[in-house]
file coords-v8.txt (compact mmCIF, C-alpha atoms)
# COMPACT_ATOMS: atom_id res chain seq x y z
CA MET A 262 -21.92 8.28 9.67
CA THR A 263 -24.59 9.23 7.14
CA LEU A 264 -28.16 10.24 7.85
CA VAL A 265 -30.22 9.17 4.84
CA ALA A 266 -33.67 10.42 3.94
CA LEU A 267 -35.59 7.68 2.15
CA ILE A 268 -38.52 8.73 -0.02
CA PRO A 269 -40.57 5.66 -1.05
CA ALA A 270 -42.53 6.22 -4.26
CA ARG A 271 -43.63 3.13 -6.10
CA GLY A 272 -45.38 3.39 -9.44
CA GLY A 273 -48.53 1.45 -8.64
CA SER A 274 -51.36 3.01 -6.65
CA LYS A 275 -54.99 1.90 -6.72
CA GLY A 276 -56.66 4.59 -4.62
CA ILE A 277 -55.12 7.45 -6.58
CA PRO A 278 -53.48 6.30 -9.85
CA ARG A 279 -49.88 7.54 -10.20
CA LYS A 280 -50.34 9.15 -6.80
CA ASN A 281 -46.73 10.14 -6.21
CA LEU A 282 -46.66 12.24 -9.40
CA THR A 283 -50.17 13.64 -8.88
CA LEU A 284 -50.35 17.43 -8.60
CA CYS A 285 -51.31 19.00 -5.30
CA GLY A 286 -51.23 22.76 -5.09
CA GLY A 287 -49.62 22.90 -8.52
CA ARG A 288 -46.74 20.57 -7.60
CA SER A 289 -46.43 16.82 -7.40
CA LEU A 290 -46.57 15.06 -4.05
CA LEU A 291 -43.03 13.88 -4.77
CA ASP A 292 -41.94 17.49 -5.27
CA TRP A 293 -43.24 18.62 -1.87
CA THR A 294 -41.37 15.84 -0.07
CA ALA A 295 -38.16 16.29 -2.06
CA GLU A 296 -38.12 19.97 -1.12
CA THR A 297 -38.67 19.13 2.54
CA ALA A 298 -35.78 16.66 2.60
CA LEU A 299 -33.34 18.82 0.65
CA HIS A 300 -34.12 22.03 2.58
CA SER A 301 -34.01 20.47 6.04
CA GLY A 302 -30.27 20.96 6.34
CA VAL A 303 -29.85 17.82 8.45
CA ILE A 304 -29.89 15.13 5.77
CA ASP A 305 -26.66 13.89 4.22
CA ARG A 306 -28.37 12.21 1.30
CA ALA A 307 -31.96 12.14 0.03
CA VAL A 308 -32.64 8.84 -1.72
CA LEU A 309 -35.66 7.95 -3.83
CA SER A 310 -36.77 4.31 -3.77
CA THR A 311 -38.98 3.50 -6.74
CA ASP A 312 -39.67 0.75 -9.24
CA ASP A 313 -40.88 3.24 -11.86
CA GLN A 314 -38.64 4.88 -14.47
CA ASP A 315 -40.86 7.98 -14.81
CA ILE A 316 -40.77 8.55 -11.06
CA ALA A 317 -37.02 7.96 -11.05
CA GLU A 318 -36.52 10.61 -13.73
CA ALA A 319 -38.78 13.03 -11.87
CA GLY A 320 -36.82 12.41 -8.68
CA ARG A 321 -33.48 13.10 -10.35
CA ALA A 322 -34.86 16.35 -11.78
CA LEU A 323 -35.81 17.37 -8.23
CA GLY A 324 -32.30 16.71 -6.94
CA LEU A 325 -32.86 13.32 -5.36
CA HIS A 326 -30.38 10.44 -5.54
CA VAL A 327 -31.73 7.41 -7.40
CA PRO A 328 -28.89 4.87 -7.10
CA PHE A 329 -31.12 1.83 -7.65
CA LEU A 330 -34.56 0.70 -8.74
CA ARG A 331 -36.71 -1.16 -6.25
CA PRO A 332 -37.24 -4.85 -7.09
CA PRO A 333 -40.76 -6.02 -8.06
CA ASP A 334 -41.23 -8.02 -4.84
CA LEU A 335 -40.97 -4.74 -2.89
CA ALA A 336 -43.22 -2.74 -5.20
CA GLY A 337 -46.63 -4.37 -4.70
CA ASP A 338 -49.59 -3.18 -2.63
CA ALA A 339 -48.60 -5.42 0.27
CA ALA A 340 -44.87 -4.68 0.21
CA PRO A 341 -43.74 -4.05 3.81
CA MET A 342 -42.03 -0.71 4.51
CA LEU A 343 -39.48 -2.57 6.62
CA GLY A 344 -38.33 -4.46 3.54
CA VAL A 345 -38.13 -1.25 1.50
CA MET A 346 -35.97 0.39 4.15
CA GLN A 347 -33.75 -2.67 4.53
CA HIS A 348 -33.28 -2.83 0.76
CA CYS A 349 -32.20 0.81 0.64
CA LEU A 350 -29.80 0.27 3.52
CA ALA A 351 -28.25 -2.79 1.84
CA GLU A 352 -27.81 -0.97 -1.49
CA LEU A 353 -26.12 2.03 0.11
CA ARG A 354 -23.82 -0.18 2.17
CA ARG A 355 -22.90 -2.07 -0.98
CA ALA A 356 -21.74 1.28 -2.36
CA GLY A 357 -19.53 1.81 0.69
CA GLU A 358 -21.80 4.02 2.80
CA THR A 359 -21.90 3.82 6.60
CA ILE A 360 -25.43 4.67 7.64
CA GLU A 361 -26.38 5.99 11.09
CA ALA A 362 -30.13 5.97 10.54
CA VAL A 363 -32.78 6.12 7.85
CA VAL A 364 -35.31 8.97 7.87
CA LEU A 365 -38.47 7.80 6.12
CA LEU A 366 -40.38 10.63 4.41
CA GLN A 367 -43.46 9.41 2.58
CA PRO A 368 -44.79 11.61 -0.27
CA THR A 369 -48.32 11.33 1.13
CA SER A 370 -47.58 14.06 3.71
CA PRO A 371 -47.48 17.29 1.67
CA PHE A 372 -47.84 19.55 4.72
CA ARG A 373 -44.78 18.18 6.50
CA ARG A 374 -42.09 20.85 6.22
CA ALA A 375 -38.32 21.09 6.59
CA HIS A 376 -38.57 22.34 10.17
CA HIS A 377 -40.46 19.20 11.13
CA VAL A 378 -37.54 17.10 9.89
CA ARG A 379 -34.97 19.31 11.62
CA GLU A 380 -36.81 19.12 14.93
CA SER A 381 -37.32 15.36 14.60
CA VAL A 382 -33.63 14.73 13.93
CA ALA A 383 -32.62 16.99 16.84
CA LYS A 384 -34.90 15.08 19.24
CA PHE A 385 -33.77 11.72 17.86
CA ARG A 386 -30.13 12.55 18.51
CA LYS A 387 -30.72 14.23 21.86
CA THR A 388 -32.64 11.27 23.26
CA GLN A 389 -30.45 8.62 21.60
CA ALA A 390 -33.66 6.74 20.84
CA HIS A 391 -33.76 3.68 18.63
CA THR A 392 -36.79 5.01 16.74
CA LEU A 393 -38.56 8.35 16.42
CA VAL A 394 -42.07 8.49 15.01
CA SER A 395 -44.20 11.53 14.26
CA VAL A 396 -47.58 11.54 15.97
CA VAL A 397 -50.75 13.58 16.36
CA ARG A 398 -52.91 13.85 19.45
CA VAL A 399 -55.97 11.61 19.46
CA PRO A 400 -59.14 13.74 19.85
CA HIS A 401 -60.53 13.19 23.35
CA ARG A 402 -63.82 11.81 22.00
CA PHE A 403 -61.90 8.92 20.42
CA VAL A 404 -59.86 7.76 23.44
CA PRO A 405 -60.87 4.32 24.79
CA GLU A 406 -62.86 5.50 27.84
CA GLY A 407 -65.06 7.57 25.52
CA GLN A 408 -66.10 4.62 23.35
CA MET A 409 -69.42 2.77 23.64
CA ARG A 410 -70.92 -0.31 22.03
CA GLU A 411 -74.50 -1.20 21.13
CA ASN A 412 -76.07 -4.39 22.38
CA GLY A 413 -79.78 -5.13 22.02
CA GLY A 414 -80.51 -1.56 21.08
CA PHE A 415 -78.83 -0.10 24.16
CA LEU A 416 -75.40 1.50 24.59
CA SER A 417 -72.86 0.52 27.22
CA PRO A 418 -69.25 1.55 27.86
CA TYR A 419 -66.92 -0.37 25.56
CA PHE A 420 -64.66 -1.51 28.41
CA GLY A 421 -67.46 -2.37 30.80
CA GLY A 422 -68.34 -0.77 34.13
CA GLY A 423 -70.09 2.56 34.45
CA VAL A 424 -69.52 5.69 32.43
CA GLY A 425 -66.06 6.85 33.45
CA ARG A 426 -64.24 10.08 32.72
CA THR A 427 -66.43 12.34 30.67
CA THR A 428 -64.55 15.65 30.39
CA ARG A 429 -61.64 16.27 28.08
CA GLN A 430 -59.40 17.18 31.01
CA GLU A 431 -60.08 13.86 32.76
CA LYS A 432 -59.33 11.64 29.81
CA GLN A 433 -55.87 10.24 29.16
CA LEU A 434 -53.67 11.87 26.53
CA LEU A 435 -53.06 9.50 23.63
CA PHE A 436 -51.14 9.82 20.37
CA ALA A 437 -51.55 8.20 16.95
CA ARG A 438 -48.97 7.80 14.22
CA ASN A 439 -49.74 10.38 11.54
CA GLY A 440 -48.73 8.41 8.49
CA PRO A 441 -46.13 8.62 9.83
CA ALA A 442 -44.93 11.86 8.27
CA VAL A 443 -41.48 11.27 9.78
CA LEU A 444 -40.02 7.96 10.90
CA ILE A 445 -36.36 7.73 11.93
CA VAL A 446 -34.91 4.28 12.52
CA ARG A 447 -31.35 3.38 13.49
CA SER A 448 -29.58 1.00 11.13
CA SER A 449 -29.04 -1.48 13.95
CA VAL A 450 -32.82 -1.67 14.48
CA LEU A 451 -33.44 -2.32 10.78
CA ASP A 452 -30.72 -4.97 10.84
CA ALA A 453 -32.64 -6.69 13.63
CA GLY A 454 -35.71 -6.84 11.40
CA LEU A 455 -37.61 -4.12 13.23
CA LEU A 456 -38.98 -0.63 12.63
CA TYR A 457 -39.46 0.14 16.31
CA GLY A 458 -36.61 -0.56 18.70
CA ASP A 459 -36.69 -0.78 22.49
CA SER A 460 -36.69 3.00 22.94
CA ILE A 461 -39.24 4.99 20.92
CA VAL A 462 -39.79 8.73 21.10
CA GLY A 463 -42.60 10.68 19.51
CA TYR A 464 -42.47 13.94 17.63
CA GLU A 465 -45.82 15.67 17.92
CA MET A 466 -47.26 17.46 14.89
CA ASP A 467 -50.49 19.43 14.66
CA GLU A 468 -53.54 17.94 13.00
CA LEU A 469 -53.27 19.94 9.77
CA SER A 470 -49.57 19.22 9.24
CA SER A 471 -50.39 15.56 9.87
CA LEU A 472 -52.71 15.21 6.87
CA ASP A 473 -51.86 11.91 5.17
CA ILE A 474 -53.22 11.50 1.65
CA ASP A 475 -54.73 8.09 0.92
CA THR A 476 -57.98 8.99 -0.84
CA PRO A 477 -59.08 11.33 -3.66
CA GLU A 478 -61.05 13.33 -1.10
CA GLU A 479 -57.94 13.95 1.00
CA LEU A 480 -56.05 14.95 -2.14
CA ARG A 481 -58.75 17.46 -3.09
CA LEU A 482 -58.69 18.91 0.43
CA ALA A 483 -54.90 19.31 0.42
CA ASP A 484 -54.99 20.84 -3.07
CA HIS A 485 -57.63 23.36 -1.98
CA LEU A 486 -55.71 24.35 1.14
CA LEU A 487 -52.53 24.92 -0.84
CA ARG A 488 -54.15 26.77 -3.74
CA THR A 489 -56.04 29.13 -1.42
CA GLY A 490 -52.89 29.85 0.56
CA TYR A 491 -54.36 28.45 3.80
CA VAL A 492 -51.26 26.25 4.02
CA ARG A 493 -47.90 27.46 2.75

call {"tool": "encode", "arguments": {"input": "coords-v8.txt", "output": "structure tokens"}}
result
Amino acid sequence: MTLVALIPARGGSKGIPRKNLTLCGGRSLLDWTAETALHSGVIDRAVLSTDDQDIAEAGRALGLHVPFLRPPDLAGDAAPMLGVMQHCLAELRRAGETIEAVVLLQPTSPFRRAHHVRESVAKFRKTQAHTLVSVVRVPHRFVPEGQMRENGGFLSPYFGGGVGRTTRQEKQLLFARNGPAVLIVRSSVLDAGLLYGDSIVGYEMDELSSLDIDTPEELRLADHLLRTGYVR
């Protein structure tokens, strides 16, 4: 049974043109993720899914497998990640592969490292979960009981009633998907047309490692942190 890392890197990007080949800390975003996958030691094959020949060539130079090009209907802005993962799974099976699970590693997480992937895979296998997703803790000021709404110039608790728990220790602990930086999905779950099966486990990452690049400002921040050596 093969554990496949899937790196999705389409050519089109409106927020940051050619984002996946954009330099961050002197290396492309694709480069950072390729290194993470290949150095994790727990991936049987690292596959690049792209519709772009330049990205495909860059991926091959980094040591990634590029056994297919993604079709146009899965390369647009609204292309669902589920479809991209199912397409990869179908192509690999057509080549005779038996796939245990697909490990999605998006290039927009340049601070995710090989140890994050190793720990995620270890937890995924230990728990026998259907899906593992990387998460980050939600700051206590953003949890639901801390939210308020304005009505007629006055504030009231968002969920009604009086002001509830006010200290960090009293508020519930919540998690948010951090991109996700790591998403592991069993093949059987993808076959059922799902990303999240009946049993889902989280892999917690710190806030800095969870940085997900969607905007030029986030790219500049990541570049600064890498160039100054704050993140290695």

call {"tool": "atom_distance", "arguments": {"input": "coords-v8.txt", "atom1": "CA of Asn439 (chain A)", "atom2": "CA of Ala340 (chain A)"}}
result
19.5 Å

call {"tool": "residues_near_point", "arguments": {"input": "coords-v8.txt", "point": "(-48.6, 11.3, 5.7)", "cutoff": "7 Å", "atoms": "all atoms listed in the file", "output": "JSON, numbers by chain"}}
result
{"A": [367, 369, 370, 439, 440, 441, 442, 471, 472, 473, 474]}

call {"tool": "atom_distance", "arguments": {"input": "coords-v8.txt", "atom1": "CA of Gly286 (chain A)", "atom2": "CA of Ala437 (chain A)"}}
result
26.4 Å

call {"tool": "atom_distance", "arguments": {"input": "coords-v8.txt", "atom1": "CA of Glu380 (chain A)", "atom2": "CA of Leu366 (chain A)"}}
result
14.0 Å

call {"tool": "residues_around", "arguments": {"input": "coords-v8.txt", "residues": "Ile277 (chain A)", "least_positions_apart": "2", "cutoff": "9 Å", "atoms": "only C-alpha atoms", "output": "list in words"}}
result
Ser274, Lys275, Arg279, Lys280, Asn281, Thr283, Asp475, Thr476, Pro477 and Leu480 of chain A

call {"tool": "residues_around", "arguments": {"input": "coords-v8.txt", "residues": "region 288-302 of chain A", "least_positions_apart": "2", "cutoff": "6 Å", "atoms": "all atoms listed in the file", "output": "list in words"}}
result
Asn281, Leu282, Thr283, Leu284, Cys285, Gly286, Ile304, Pro368, Pro371, Arg374, Ala375 and Arg379 of chain A

call {"tool": "residues_around", "arguments": {"input": "coords-v8.txt", "residues": "Leu451 (chain A)", "least_positions_apart": "6", "cutoff": "12 Å", "atoms": "only C-alpha atoms", "output": "VMD selection string"}}
result
chain A and resid 342 to 351 360 to 364 391 to 392 445 457 to 458

call {"tool": "axis_aligned_box", "arguments": {"input": "coords-v8.txt", "around": "region 363-367 of chain A", "padding_each_side": "8 Å", "output": "lines of an AutoDock Vina configuration file"}}
result
center_x = -38.1
center_y = 8.4
center_z = 5.2
size_x = 26.7
size_y = 20.5
size_z = 21.3

call {"tool": "build_atoms", "arguments": {"input": "coords-v8.txt", "residues": "region 399-413 of chain A", "atoms": "N, CA, C and O atoms", "output": "PDB file, in the coordinates of the input"}}
result
ATOM      1  N   VAL A 399     -54.675  12.226  19.733  1.00  0.00           N
ATOM      2  CA  VAL A 399     -55.970  11.610  19.460  1.00  0.00           C
ATOM      3  C   VAL A 399     -57.057  12.498  20.078  1.00  0.00           C
ATOM      4  O   VAL A 399     -56.993  12.830  21.268  1.00  0.00           O
ATOM      5  N   PRO A 400     -58.056  12.938  19.287  1.00  0.00           N
ATOM      6  CA  PRO A 400     -59.140  13.740  19.850  1.00  0.00           C
ATOM      7  C   PRO A 400     -59.767  13.040  21.053  1.00  0.00           C
ATOM      8  O   PRO A 400     -59.965  11.822  21.040  1.00  0.00           O
ATOM      9  N   HIS A 401     -60.088  13.799  22.092  1.00  0.00           N
ATOM     10  CA  HIS A 401     -60.530  13.190  23.350  1.00  0.00           C
ATOM     11  C   HIS A 401     -61.767  12.320  23.169  1.00  0.00           C
ATOM     12  O   HIS A 401     -61.946  11.335  23.899  1.00  0.00           O
ATOM     13  N   ARG A 402     -62.609  12.622  22.185  1.00  0.00           N
ATOM     14  CA  ARG A 402     -63.820  11.810  22.000  1.00  0.00           C
ATOM     15  C   ARG A 402     -63.507  10.419  21.451  1.00  0.00           C
ATOM     16  O   ARG A 402     -64.384   9.547  21.436  1.00  0.00           O
ATOM     17  N   PHE A 403     -62.279  10.211  20.992  1.00  0.00           N
ATOM     18  CA  PHE A 403     -61.900   8.920  20.420  1.00  0.00           C
ATOM     19  C   PHE A 403     -61.050   8.065  21.362  1.00  0.00           C
ATOM     20  O   PHE A 403     -60.689   6.943  20.999  1.00  0.00           O
ATOM     21  N   VAL A 404     -60.675   8.561  22.528  1.00  0.00           N
ATOM     22  CA  VAL A 404     -59.860   7.760  23.440  1.00  0.00           C
ATOM     23  C   VAL A 404     -60.714   6.618  23.977  1.00  0.00           C
ATOM     24  O   VAL A 404     -61.961   6.698  23.997  1.00  0.00           O
ATOM     25  N   PRO A 405     -60.114   5.518  24.436  1.00  0.00           N
ATOM     26  CA  PRO A 405     -60.870   4.320  24.790  1.00  0.00           C
ATOM     27  C   PRO A 405     -62.015   4.539  25.779  1.00  0.00           C
ATOM     28  O   PRO A 405     -63.103   3.976  25.614  1.00  0.00           O
ATOM     29  N   GLU A 406     -61.796   5.363  26.836  1.00  0.00           N
ATOM     30  CA  GLU A 406     -62.860   5.500  27.840  1.00  0.00           C
ATOM     31  C   GLU A 406     -64.058   6.289  27.315  1.00  0.00           C
ATOM     32  O   GLU A 406     -65.090   6.375  27.984  1.00  0.00           O
ATOM     33  N   GLY A 407     -63.944   6.863  26.111  1.00  0.00           N
ATOM     34  CA  GLY A 407     -65.060   7.570  25.520  1.00  0.00           C
ATOM     35  C   GLY A 407     -65.872   6.726  24.557  1.00  0.00           C
ATOM     36  O   GLY A 407     -66.893   7.184  24.025  1.00  0.00           O
ATOM     37  N   GLN A 408     -65.434   5.474  24.332  1.00  0.00           N
ATOM     38  CA  GLN A 408     -66.100   4.620  23.350  1.00  0.00           C
ATOM     39  C   GLN A 408     -67.241   3.814  23.983  1.00  0.00           C
ATOM     40  O   GLN A 408     -67.179   3.426  25.155  1.00  0.00           O
ATOM     41  N   MET A 409     -68.285   3.564  23.174  1.00  0.00           N
ATOM     42  CA  MET A 409     -69.420   2.770  23.640  1.00  0.00           C
ATOM     43  C   MET A 409     -69.799   1.759  22.559  1.00  0.00           C
ATOM     44  O   MET A 409     -69.464   1.944  21.387  1.00  0.00           O
ATOM     45  N   ARG A 410     -70.458   0.718  22.977  1.00  0.00           N
ATOM     46  CA  ARG A 410     -70.920  -0.310  22.030  1.00  0.00           C
ATOM     47  C   ARG A 410     -72.430  -0.489  22.179  1.00  0.00           C
ATOM     48  O   ARG A 410     -72.991  -0.214  23.238  1.00  0.00           O
ATOM     49  N   GLU A 411     -73.069  -0.967  21.098  1.00  0.00           N
ATOM     50  CA  GLU A 411     -74.500  -1.200  21.130  1.00  0.00           C
ATOM     51  C   GLU A 411     -74.783  -2.683  21.277  1.00  0.00           C
ATOM     52  O   GLU A 411     -74.173  -3.525  20.595  1.00  0.00           O
ATOM     53  N   ASN A 412     -75.692  -3.000  22.164  1.00  0.00           N
ATOM     54  CA  ASN A 412     -76.070  -4.390  22.380  1.00  0.00           C
ATOM     55  C   ASN A 412     -77.568  -4.427  22.698  1.00  0.00           C
ATOM     56  O   ASN A 412     -78.019  -3.866  23.696  1.00  0.00           O
ATOM     57  N   GLY A 413     -78.339  -5.049  21.809  1.00  0.00           N
ATOM     58  CA  GLY A 413     -79.780  -5.130  22.020  1.00  0.00           C
ATOM     59  C   GLY A 413     -80.465  -3.790  21.971  1.00  0.00           C
ATOM     60  O   GLY A 413     -81.507  -3.594  22.608  1.00  0.00           O
TER      61      GLY A 413
END
